[in-house]
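start-v9.txt (compact mmCIF, C-alpha atoms)
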```txt
# COMPACT_ATOMS: atom_id res chain seq x y z
CA MET A 56 94.76 -45.40 61.56
CA ARG A 57 94.88 -41.76 62.47
CA ARG A 58 91.87 -40.71 60.44
CA LEU A 59 89.53 -43.47 61.53
CA TRP A 60 87.85 -41.44 64.22
CA LEU A 61 86.34 -39.25 61.52
CA LEU A 62 84.33 -42.03 60.01
CA PRO A 63 81.41 -42.69 62.35
CA LEU A 64 80.90 -39.00 62.81
CA LEU A 65 80.80 -38.41 59.12
CA MET A 66 78.56 -41.35 58.38
CA GLY A 67 76.02 -40.39 61.01
CA ALA A 68 75.71 -36.88 59.70
CA ALA A 69 75.65 -38.06 56.13
CA GLY A 70 72.71 -40.36 56.83
CA GLY A 71 70.58 -37.44 57.90
CA VAL A 72 71.52 -35.34 54.94
CA VAL A 73 70.82 -38.16 52.55
CA PHE A 74 67.34 -38.70 53.82
CA TYR A 75 66.51 -35.07 53.57
CA ALA A 76 67.80 -34.68 50.05
CA LEU A 77 66.12 -37.85 48.79
CA ALA A 78 62.81 -36.55 49.91
CA GLN A 79 63.37 -33.29 48.09
CA GLN A 80 64.64 -34.53 44.76
CA GLU A 81 63.11 -36.62 42.04
CA ASN A 82 65.43 -36.24 39.07
CA PRO A 83 68.18 -38.86 39.66
CA ALA A 84 71.09 -36.97 38.06
CA GLU A 85 70.16 -33.81 39.93
CA GLU A 86 69.78 -35.82 43.09
CA VAL A 87 73.34 -37.17 42.88
CA LYS A 88 74.72 -33.69 42.23
CA LYS A 89 72.80 -32.18 45.12
CA GLN A 90 73.90 -34.93 47.49
CA LYS A 91 77.49 -34.42 46.58
CA GLU A 92 77.35 -30.66 46.98
CA MET A 93 75.59 -30.98 50.29
CA LEU A 94 78.07 -33.45 51.72
CA LEU A 95 81.01 -31.39 50.52
CA LYS A 96 79.55 -28.28 52.04
CA GLU A 97 78.83 -29.88 55.39
CA MET A 98 81.86 -32.16 55.72
CA GLY A 99 84.45 -30.69 53.38
CA ILE A 100 85.16 -34.23 52.12
CA LEU A 101 83.16 -37.07 50.54
CA PRO A 102 82.77 -40.32 52.48
CA GLY A 103 84.37 -42.29 49.63
CA ASP A 104 87.52 -40.21 49.93
CA VAL A 105 87.62 -40.87 53.67
CA TYR A 106 87.52 -44.60 52.96
CA ALA A 107 90.30 -44.24 50.39
CA GLU A 108 92.45 -42.44 52.98
CA GLN A 109 91.75 -45.20 55.44
CA GLY A 110 92.81 -47.64 52.70
CA ARG A 111 96.10 -45.81 52.31
CA ASP A 112 96.84 -46.21 56.02
CA LEU A 113 96.05 -49.92 55.89
CA PHE A 114 98.16 -50.31 52.75
CA ASN A 115 101.23 -49.12 54.62
CA LYS A 116 100.50 -51.21 57.72
CA VAL A 117 101.90 -54.66 58.53
CA MET A 118 99.26 -57.40 58.34
CA GLY A 119 99.39 -61.19 58.58
CA THR A 120 102.10 -63.59 59.76
CA ALA A 121 104.81 -62.72 57.20
CA GLY A 122 105.46 -59.34 58.78
CA LYS A 123 104.82 -57.48 55.54
CA SER A 124 102.68 -54.58 54.45
CA CYS A 125 101.44 -54.00 50.92
CA SER A 126 104.03 -51.26 50.69
CA SER A 127 106.84 -53.77 51.36
CA CYS A 128 106.42 -54.92 47.75
CA HIS A 129 104.44 -52.17 46.05
CA GLY A 130 106.22 -49.12 47.48
CA GLN A 131 105.24 -46.53 50.08
CA ASP A 132 101.67 -45.35 49.32
CA GLY A 133 101.60 -47.83 46.44
CA ARG A 134 104.13 -45.99 44.30
CA TYR A 135 104.56 -48.95 41.95
CA LEU A 136 100.85 -49.59 41.54
CA LYS A 137 100.18 -46.32 39.71
CA GLY A 138 98.10 -47.11 36.64
CA SER A 139 97.61 -50.79 37.54
CA TYR A 140 93.85 -50.52 37.92
CA ALA A 141 93.54 -49.18 34.36
CA HIS A 142 94.52 -52.64 33.08
CA MET A 143 92.41 -54.72 35.44
CA PRO A 144 91.02 -57.35 35.45
CA ARG A 145 93.92 -59.15 33.75
CA TYR A 146 95.94 -62.35 33.69
CA TYR A 147 98.62 -62.80 36.40
CA LYS A 148 101.45 -65.23 35.94
CA ASP A 149 101.95 -65.92 39.64
CA MET A 150 98.27 -66.88 39.99
CA ASP A 151 98.03 -68.44 36.55
CA ALA A 152 94.57 -66.90 36.44
CA VAL A 153 92.65 -63.77 35.52
CA ALA A 154 91.89 -61.65 38.58
CA ASP A 155 89.82 -58.56 39.28
CA LEU A 156 90.94 -55.97 41.83
CA ASP A 157 89.35 -57.80 44.75
CA THR A 158 90.70 -61.23 43.88
CA ARG A 159 94.19 -59.87 43.18
CA ILE A 160 94.37 -58.23 46.59
CA LYS A 161 93.04 -61.32 48.34
CA TYR A 162 95.74 -63.40 46.66
CA CYS A 163 98.51 -61.03 47.78
CA MET A 164 97.19 -61.05 51.33
CA GLU A 165 96.95 -64.83 51.55
CA LYS A 166 99.98 -65.85 49.52
CA TYR A 167 102.50 -63.14 50.33
CA MET A 168 101.43 -61.73 53.68
CA GLY A 169 100.07 -64.75 55.53
CA VAL A 170 96.64 -63.30 56.20
CA LYS A 171 94.20 -66.09 57.02
CA GLU A 172 90.59 -66.04 55.81
CA VAL A 173 90.48 -62.72 54.02
CA LYS A 174 87.13 -61.03 54.59
CA HIS A 175 85.47 -58.72 52.08
CA ASP A 176 84.80 -56.13 54.78
CA THR A 177 85.10 -52.35 54.95
CA ASN A 178 88.85 -52.45 55.57
CA PHE A 179 89.34 -54.72 52.57
CA LYS A 180 87.17 -52.50 50.37
CA SER A 181 89.02 -49.41 51.57
CA ILE A 182 92.34 -50.89 50.46
CA ALA A 183 90.83 -51.80 47.07
CA THR A 184 89.46 -48.29 46.73
CA PHE A 185 92.82 -46.77 47.57
CA VAL A 186 94.54 -48.93 44.94
CA ALA A 187 91.98 -47.83 42.34
CA THR A 188 92.56 -44.15 43.11
CA LEU A 189 96.22 -44.64 42.08
CA SER A 190 94.94 -44.77 38.48
CA ASN A 191 92.72 -41.68 38.67
CA GLY A 192 92.95 -39.44 35.64
CA MET A 193 94.16 -42.27 33.38
CA PRO A 194 92.08 -43.84 30.62
CA MET A 195 90.75 -47.34 31.16
CA ASP A 196 92.89 -49.60 28.99
CA VAL A 197 92.02 -53.27 29.47
CA LYS A 198 93.53 -55.68 26.96
CA ILE A 199 92.27 -59.10 25.99
CA GLU A 200 95.39 -60.93 24.80
CA ASN A 201 96.14 -63.98 26.91
CA PRO A 202 93.96 -67.05 26.11
CA LYS A 203 92.69 -67.03 29.71
CA GLU A 204 91.66 -63.41 29.31
CA LYS A 205 89.81 -64.26 26.11
CA GLU A 206 88.04 -67.13 27.81
CA MET A 207 87.07 -64.99 30.80
CA TYR A 208 85.83 -62.18 28.58
CA GLU A 209 83.62 -64.60 26.64
CA LYS A 210 82.19 -65.95 29.90
CA GLY A 211 81.44 -62.40 31.00
CA LYS A 212 79.73 -61.60 27.75
CA GLN A 213 77.64 -64.74 28.05
CA LEU A 214 76.55 -63.86 31.57
CA TRP A 215 75.78 -60.31 30.45
CA TYR A 216 73.22 -61.52 27.90
CA ALA A 217 71.90 -64.55 29.81
CA ARG A 218 68.19 -64.37 30.68
CA VAL A 219 68.03 -66.13 34.04
CA GLY A 220 66.01 -66.81 37.12
CA LYS A 221 62.40 -66.38 38.10
CA MET A 222 62.31 -62.89 36.67
CA ASP A 223 63.77 -63.74 33.26
CA PHE A 224 66.17 -60.78 33.43
CA SER A 225 69.65 -60.33 32.01
CA CYS A 226 72.14 -57.55 32.70
CA ALA A 227 71.74 -56.49 29.08
CA ILE A 228 67.99 -56.05 29.10
CA CYS A 229 68.16 -53.54 31.93
CA HIS A 230 71.46 -51.87 31.08
CA ASP A 231 71.47 -51.94 27.24
CA THR A 232 67.92 -52.35 25.95
CA PHE A 233 66.19 -50.24 28.58
CA GLY A 234 69.20 -48.20 29.74
CA GLY A 235 68.16 -44.63 30.54
CA GLN A 236 64.58 -45.61 31.42
CA ARG A 237 63.09 -45.97 34.89
CA ILE A 238 62.39 -49.00 37.04
CA ARG A 239 60.13 -47.50 39.67
CA LEU A 240 61.98 -44.21 40.14
CA GLN A 241 65.50 -45.47 39.53
CA THR A 242 67.11 -44.71 36.23
CA LEU A 243 68.82 -47.72 34.67
CA ALA A 244 72.46 -46.93 33.96
CA ARG A 245 73.65 -47.47 30.40
CA VAL A 246 76.55 -49.47 31.68
CA LYS A 247 78.61 -49.51 28.48
CA GLN A 248 77.97 -46.04 27.02
CA ASP A 249 78.50 -44.51 30.43
CA LYS A 250 81.78 -46.46 30.87
CA VAL A 251 80.77 -47.23 34.43
CA ALA A 252 83.81 -49.31 35.35
CA THR A 253 85.68 -46.00 35.61
CA HIS A 254 83.84 -44.95 38.78
CA TRP A 255 83.96 -48.17 40.81
CA PRO A 256 84.67 -48.79 43.68
CA ALA A 257 82.07 -46.25 44.68
CA TYR A 258 80.36 -44.78 47.71
CA ARG A 259 76.59 -45.35 47.59
CA PHE A 260 74.75 -42.66 49.48
CA SER A 261 71.42 -44.54 49.36
CA ASN A 262 72.71 -47.17 51.80
CA ASP A 263 75.78 -45.29 53.06
CA GLN A 264 78.23 -48.00 52.00
CA LEU A 265 81.44 -48.40 50.08
CA TRP A 266 81.00 -50.96 47.28
CA THR A 267 83.47 -52.55 44.90
CA MET A 268 82.34 -53.75 41.47
CA GLU A 269 81.88 -57.22 42.96
CA ASP A 270 79.37 -55.79 45.45
CA ARG A 271 77.55 -53.99 42.62
CA ILE A 272 77.26 -57.16 40.53
CA ARG A 273 76.07 -59.15 43.52
CA GLY A 274 73.56 -56.40 44.33
CA CYS A 275 72.07 -56.61 40.86
CA TYR A 276 71.75 -60.41 41.04
CA ASN A 277 70.03 -59.98 44.39
CA GLN A 278 67.56 -57.53 42.90
CA ILE A 279 66.52 -60.04 40.27
CA ARG A 280 66.19 -62.84 42.83
CA VAL A 281 69.18 -64.83 41.66
CA THR A 282 71.47 -66.01 44.48
CA PRO A 283 74.57 -63.85 43.93
CA PRO A 284 77.91 -65.52 43.25
CA PRO A 285 80.09 -65.42 46.39
CA HIS A 286 82.89 -62.85 46.52
CA PHE A 287 85.94 -63.77 44.40
CA HIS A 288 83.79 -66.15 42.30
CA TRP A 289 84.72 -66.36 38.59
CA ALA A 290 81.37 -64.81 37.62
CA ASN A 291 82.30 -61.54 39.33
CA ILE A 292 85.67 -61.54 37.57
CA ALA A 293 84.11 -62.38 34.18
CA LEU A 294 81.46 -59.64 34.38
CA SER A 295 83.99 -57.12 35.72
CA LEU A 296 86.32 -57.89 32.82
CA TYR A 297 83.49 -57.58 30.31
CA MET A 298 82.35 -54.22 31.69
CA ALA A 299 85.90 -52.87 32.14
CA TYR A 300 86.75 -53.72 28.53
CA GLU A 301 83.57 -51.99 27.40
CA SER A 302 84.67 -48.98 29.48
CA ASN A 303 88.01 -48.63 27.68
CA GLY A 304 88.90 -45.02 26.91
CA GLY A 305 86.88 -43.66 29.83
CA ILE A 306 88.85 -41.64 32.37
CA ILE A 307 89.15 -43.31 35.76
CA GLU A 308 87.70 -41.31 38.62
CA THR A 309 87.38 -43.29 41.83
CA PRO A 310 85.84 -43.59 44.32
CA GLY A 311 82.59 -42.96 42.46
CA PHE A 312 79.64 -41.30 44.11
CA VAL A 313 76.41 -43.08 43.23
CA ARG A 314 72.90 -43.61 44.44
CA MET D 23 54.23 -35.82 52.09
CA LYS D 24 53.91 -36.70 48.44
CA ASN D 25 57.66 -36.79 48.03
CA TYR D 26 58.04 -38.89 51.10
CA LEU D 27 55.79 -41.58 49.65
CA VAL D 28 57.69 -41.53 46.40
CA LEU D 29 60.86 -42.06 48.34
CA LEU D 30 59.49 -45.12 50.07
CA GLY D 31 58.30 -46.54 46.80
CA SER D 32 61.62 -46.09 45.15
CA MET D 33 63.46 -47.92 47.86
CA VAL D 34 61.68 -51.21 47.43
CA VAL D 35 62.43 -51.71 43.71
CA PHE D 36 62.55 -55.46 43.59
CA ALA D 37 63.61 -55.75 47.15
CA CYS D 38 62.06 -57.46 50.04
CA ALA D 39 59.73 -55.10 51.85
CA PRO D 40 56.21 -56.50 51.59
CA THR D 41 53.52 -53.83 51.25
CA GLN D 42 50.93 -55.60 53.31
CA GLN D 43 50.76 -54.44 56.85
CA GLU D 44 52.58 -56.69 59.24
CA LYS D 45 50.36 -58.59 61.56
CA PRO D 46 51.28 -58.52 65.22
CA LYS D 47 53.46 -61.53 65.96
CA PRO D 48 52.06 -64.30 68.16
CA ALA D 49 53.95 -64.62 71.44
CA GLU D 50 55.51 -67.95 70.50
CA LEU D 51 56.17 -68.79 66.88
CA PRO D 52 55.78 -72.44 65.96
CA LYS D 53 59.16 -74.03 65.25
CA PRO D 54 59.63 -74.78 61.56
CA THR D 55 59.47 -78.49 60.77
CA PRO D 56 62.63 -80.08 59.36
CA GLN D 57 60.85 -80.25 56.01
CA ALA D 58 60.05 -76.53 56.01
CA LYS D 59 63.69 -75.87 56.78
CA GLN D 60 64.67 -77.96 53.79
CA GLU D 61 62.47 -75.83 51.54
CA GLU D 62 64.05 -72.65 52.85
CA LYS D 63 67.46 -73.95 51.81
CA LYS D 64 69.13 -71.40 49.59
CA THR D 65 69.90 -72.29 46.03
CA THR D 66 73.36 -71.59 44.68
CA PHE D 67 74.33 -69.15 41.93
CA GLU D 68 75.08 -72.07 39.62
CA GLU D 69 71.60 -73.55 40.16
CA ASP D 70 69.91 -70.19 39.71
CA ILE D 71 71.56 -69.39 36.38
CA LYS D 72 70.46 -72.65 34.73
CA GLN D 73 68.26 -71.64 31.81
CA ASP D 74 65.13 -73.13 30.29
CA PRO D 75 65.10 -73.46 26.46
CA ALA D 76 63.23 -70.18 25.96
CA GLN D 77 65.63 -68.22 28.18
CA LYS D 78 68.50 -69.67 26.14
CA MET D 79 66.92 -68.55 22.89
CA CYS D 80 66.53 -65.00 24.23
CA SER D 81 70.13 -64.69 25.48
CA ASN D 82 71.74 -62.78 22.65
CA PRO D 83 72.69 -59.17 21.84
CA GLN D 84 69.59 -58.77 19.64
CA GLY D 85 67.48 -59.61 22.69
CA THR D 86 64.98 -61.61 20.66
CA VAL D 87 64.56 -64.69 18.48
CA SER D 88 65.10 -64.73 14.73
CA ALA D 89 62.05 -63.94 12.57
CA ASP D 90 61.62 -67.51 11.36
CA MET D 91 61.51 -68.81 14.96
CA VAL D 92 58.87 -66.42 16.29
CA ALA D 93 55.75 -68.47 15.46
CA LYS D 94 57.21 -71.62 17.02
CA PHE D 95 58.43 -69.73 20.07
CA LEU D 96 55.01 -68.18 20.73
CA GLU D 97 53.32 -71.53 20.29
CA GLU D 98 55.63 -73.22 22.81
CA GLN D 99 55.04 -70.42 25.32
CA LYS D 100 51.23 -70.63 24.87
CA LYS D 101 51.42 -74.28 25.90
CA LEU D 102 52.83 -73.30 29.30
CA ILE D 103 49.75 -71.28 30.27
CA LYS D 104 47.46 -72.83 32.90
CA TYR D 105 44.01 -71.57 33.84
CA PRO D 106 42.17 -71.47 37.18
CA PRO D 107 40.31 -74.78 37.85
CA ASN D 108 36.98 -72.93 38.06
CA GLY D 109 37.59 -71.44 34.62
CA LYS D 110 37.09 -67.87 35.85
CA LEU D 111 39.64 -65.54 34.27
CA VAL D 112 38.27 -62.50 36.07
CA GLY D 113 38.55 -62.58 39.87
CA ASP D 114 38.36 -60.03 42.66
CA TRP D 115 39.72 -56.62 41.62
CA LYS D 116 40.37 -55.53 45.19
CA LYS D 117 42.71 -58.46 45.76
CA GLY D 118 44.18 -57.72 42.37
CA GLU D 119 44.96 -54.17 43.44
CA GLN D 120 47.13 -55.48 46.31
CA LEU D 121 48.86 -58.08 44.16
CA PHE D 122 49.58 -55.55 41.42
CA ALA D 123 51.43 -53.29 43.87
CA ASN D 124 53.14 -55.89 46.09
CA PRO D 125 56.89 -55.98 45.27
CA ARG D 126 57.07 -59.69 46.17
CA LYS D 127 54.09 -60.52 43.97
CA GLY D 128 53.13 -58.64 40.80
CA ASN D 129 55.50 -55.72 41.32
CA CYS D 130 53.82 -54.28 38.25
CA TYR D 131 54.49 -50.65 39.26
CA ALA D 132 58.19 -51.30 38.68
CA CYS D 133 57.45 -50.87 34.97
CA HIS D 134 53.86 -49.66 34.57
CA CYS D 135 51.90 -46.67 35.78
CA ALA D 136 48.23 -47.46 36.40
CA ASP D 137 46.40 -45.95 39.39
CA PRO D 138 47.15 -42.21 39.19
CA LYS D 139 47.57 -42.15 42.99
CA GLU D 140 50.71 -44.29 42.71
CA LEU D 141 53.53 -41.97 41.69
CA ALA D 142 56.46 -44.34 42.12
CA CYS D 143 55.94 -46.11 38.83
CA GLY D 144 58.43 -47.01 36.12
CA ASN D 145 58.18 -46.13 32.43
CA ILE D 146 59.51 -49.30 30.85
CA GLY D 147 56.09 -50.76 30.04
CA PRO D 148 53.07 -48.97 28.55
CA ILE D 149 50.88 -46.90 30.89
CA LEU D 150 47.95 -49.07 31.96
CA ARG D 151 45.66 -46.21 33.02
CA HIS D 152 42.16 -46.70 31.47
CA TYR D 153 43.32 -50.11 30.23
CA GLY D 154 39.82 -51.59 30.58
CA LYS D 155 38.37 -48.91 28.35
CA ARG D 156 40.55 -49.76 25.39
CA GLN D 157 40.96 -53.50 25.87
CA SER D 158 37.98 -55.85 26.26
CA ASP D 159 39.71 -59.19 25.71
CA VAL D 160 40.15 -60.57 29.24
CA LYS D 161 41.65 -63.82 27.95
CA TYR D 162 44.46 -61.85 26.33
CA THR D 163 45.12 -59.95 29.57
CA TYR D 164 45.14 -63.14 31.64
CA GLU D 165 47.51 -64.88 29.25
CA LYS D 166 49.78 -61.87 28.89
CA ILE D 167 50.27 -61.71 32.67
CA TYR D 168 50.64 -65.48 33.00
CA ASN D 169 53.19 -65.70 30.23
CA SER D 170 54.24 -62.43 28.68
CA TRP D 171 56.46 -64.30 26.20
CA ALA D 172 53.42 -65.99 24.60
CA TYR D 173 52.77 -62.61 22.94
CA VAL D 174 56.13 -60.85 22.78
CA PRO D 175 59.18 -63.14 22.57
CA CYS D 176 61.86 -62.27 25.16
CA SER D 177 59.93 -59.26 26.54
CA ILE D 178 61.47 -57.68 29.64
CA MET D 179 58.14 -58.43 31.36
CA TYR D 180 58.71 -61.63 33.29
CA ARG D 181 56.53 -64.72 33.01
CA ALA D 182 54.87 -64.43 36.41
CA GLY D 183 52.64 -67.49 36.02
CA VAL D 184 55.25 -69.71 34.43
CA HIS D 185 57.64 -69.11 37.33
CA GLY D 186 54.93 -69.46 39.98
CA ILE D 187 55.35 -65.90 41.26
CA LEU D 188 51.57 -65.56 40.78
CA THR D 189 49.00 -68.39 40.90
CA PRO D 190 46.25 -68.65 38.25
CA GLU D 191 43.73 -67.28 40.79
CA GLU D 192 45.98 -64.34 41.59
CA ILE D 193 46.38 -63.57 37.90
CA ALA D 194 42.59 -63.62 37.53
CA ASP D 195 42.42 -61.07 40.37
CA ILE D 196 44.89 -58.78 38.62
CA THR D 197 42.98 -59.23 35.35
CA ALA D 198 39.88 -57.99 37.22
CA TYR D 199 41.83 -55.04 38.57
CA LEU D 200 42.80 -54.03 35.02
CA HIS D 201 39.32 -54.53 33.50
CA SER D 202 36.74 -53.71 36.19
CA PRO D 203 34.96 -50.35 35.70
CA GLU D 204 35.10 -49.94 39.53
CA SER D 205 38.87 -50.27 39.62
CA PRO D 206 40.90 -47.06 40.13
CA VAL D 207 42.73 -47.98 36.92
CA ASN D 208 39.59 -47.22 34.92
CA LYS D 209 38.02 -44.48 37.03
```

For the structure just supplied, provide its representation as structure tokens.
Amino acid sequence: MRRLWLLPLLMGAAGGVVFYALAQQENPAEEVKKQKEMLLKEMGILPGDVYAEQGRDLFNKVMGTAGKSCSSCHGQDGRYLKGSYAHMPRYYKDMDAVADLDTRIKYCMEKYMGVKEVKHDTNFKSIATFVATLSNGMPMDVKIENPKEKEMYEKGKQLWYARVGKMDFSCAICHDTFGGQRIRLQTLARVKQDKVATHWPAYRFSNDQLWTMEDRIRGCYNQIRVTPPPHFHWANIALSLYMAYESNGGIIETPGFVR
Amino acid sequence: MKNYLVLLGSMVVFACAPTQQEKPKPAELPKPTPQAKQEEKKTTFEEDIKQDPAQKMCSNPQGTVSADMVAKFLEEQKKLIKYPPNGKLVGDWKKGEQLFANPRKGNCYACHCADPKELACGNIGPILRHYGKRQSDVKYTYEKIYNSWAYVPCSIMYRAGVHGILTPEEIADITAYLHSPESPVNK
């Protein structure tokens, strides 16, 4: 926990910078670049990287009733988890299920470490982010081989195209059909062309928070007035798998830095 | 100052902040009745992703219905349109102006530019500036806002009347805002 003291300090300062830069910039791509440069100049490190470092500390720390840390099984600093994120979500034999990063970690904590009631809080997200960084520089390489993976992928694809809710939206209509255009002043990401799975988990400077892909999916459902699926729900896993597969070949670079 | 306003606009995309000014709160708020509480009850994800037949037909990579289904689709959607009881399709443009901008109501600026004073506008839909000068058919405008899919199957523009986001009277007000020569849209 040695680096934790840095966090509030950094976040407070970052908030001020963010507000200033938002007011100055209108072009979204430029805005992201400017934000990043400004934070690096003022802090020497990006908030997302601070969270990842915090995640590393937690990874090596004993949690739960079994007296184990993540490193007990996965090696100091996650030595044996190098490259694992490049293949996720995937099917796991011990779970007999397909899991995304979040759900996999929750399972390890509950099943193998005796952690009760795992919360999707900042500490949890920091660990997930740290695990993702262990695949940085590698190409995304998700395979759909196991029948459960096929089934989950199909569910994800269905959700992607489903027009739902009071606003008749689907993920596809914003992120495929109108990708690159503006809703209000926000540019809609072309989720597949841009291989976005490669930069999640990400630090969002607009609300100064670390988000995993599950948070991002839930955020988009919220925007279109559909009650988001709870964390670790199959819908998050299905959509994550769909988007990760569509991101294959993209080079992983986490934590991302997004609006 | 200009940039500051843009910033505020961009932060409310579809989110919750109402644009109307908040009224001062009364000292003691009346307690919600058990029934009101019931209505506030949150729906689940599973309930919210249930689709109506039209939504199902639009849920494909092409993002539309096949050519031979278009006529039938439009006809079915036309049937869903309801009109104000007083028959007036053109209401009060000043009310319409508020409804057009309100993110919890029309939220039309998310996709359309209209009043040149509003800079935080999206470019997904056509620019509606001077709309009243090129379009005289108020029935079309009313119906398009009530049920966008009665004219363009599976359009990204949501069916505000069908889903009860706007009432028939409110749609008539927005229709007035788009057609009235006094409205900033047409000035």

Can you pull out every residue within 12 Å of A:Lys180, counting all atoms listed in the file, but drop anything in the same chain fewer than 6 positions away, and send it as number ranges by chain?
A: 103, 106-111, 113-114, 156-158, 160-161, 173-174, 186-187, 255-258, 264-270, 286, 310

Chain A residues near chain D (10 Å cut-off, only C-alpha atoms) as a ChimeraX atom specification
/A:74-75,77-81,212-225,227-229,231-242,261,275-285,288,290

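Coordinates place atom CA of D:Asp137 at a distance of 22.6 Å from atom CA of D:Thr189.
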
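Atom CA of A:Arg314 sits 19.5 Å away from atom CA of A:Gly99.
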
For D:Leu200, list every protein, DNA or RNA residue within 8 Å, evaluated using all atoms listed in the file, and leave out those in the same chain fewer than 4 positions away; present the list as an MDAnalysis selection string.
chainID D and resid 115 150 153:154 196 205 207:208

Export C-alpha atoms of the chosen residues as a compact mmCIF listing (two decimals), keeping the file's coordinate frame?
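In the end it all went to again-v1.txt:
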```txt
# COMPACT_ATOMS: atom_id res chain seq x y z
CA TRP D 115 39.72 -56.62 41.62
CA LEU D 150 47.95 -49.07 31.96
CA TYR D 153 43.32 -50.11 30.23
CA GLY D 154 39.82 -51.59 30.58
CA ILE D 196 44.89 -58.78 38.62
CA SER D 205 38.87 -50.27 39.62
CA VAL D 207 42.73 -47.98 36.92
CA ASN D 208 39.59 -47.22 34.92
```

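Here atom CA of A:Phe179 stands at a distance of 12.8 Å from atom CA of A:Lys116.
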
Around (49.1, -72.8, 39.3) in the file's frame, which residues reach within 9 Å when counting all atoms listed in the file? Return as a list of chain:residue names?
D:Lys104, D:Tyr105, D:Pro106, D:Gly183, D:Val184, D:Gly186, D:Leu188, D:Thr189, D:Pro190, D:Glu191

Give me the residues within 10 Å of D:Glu98 as a PyMOL selection string, counting only C-alpha atoms and dropping any in the same chain fewer than 6 places off.
chain D and resi 76+92+171-172
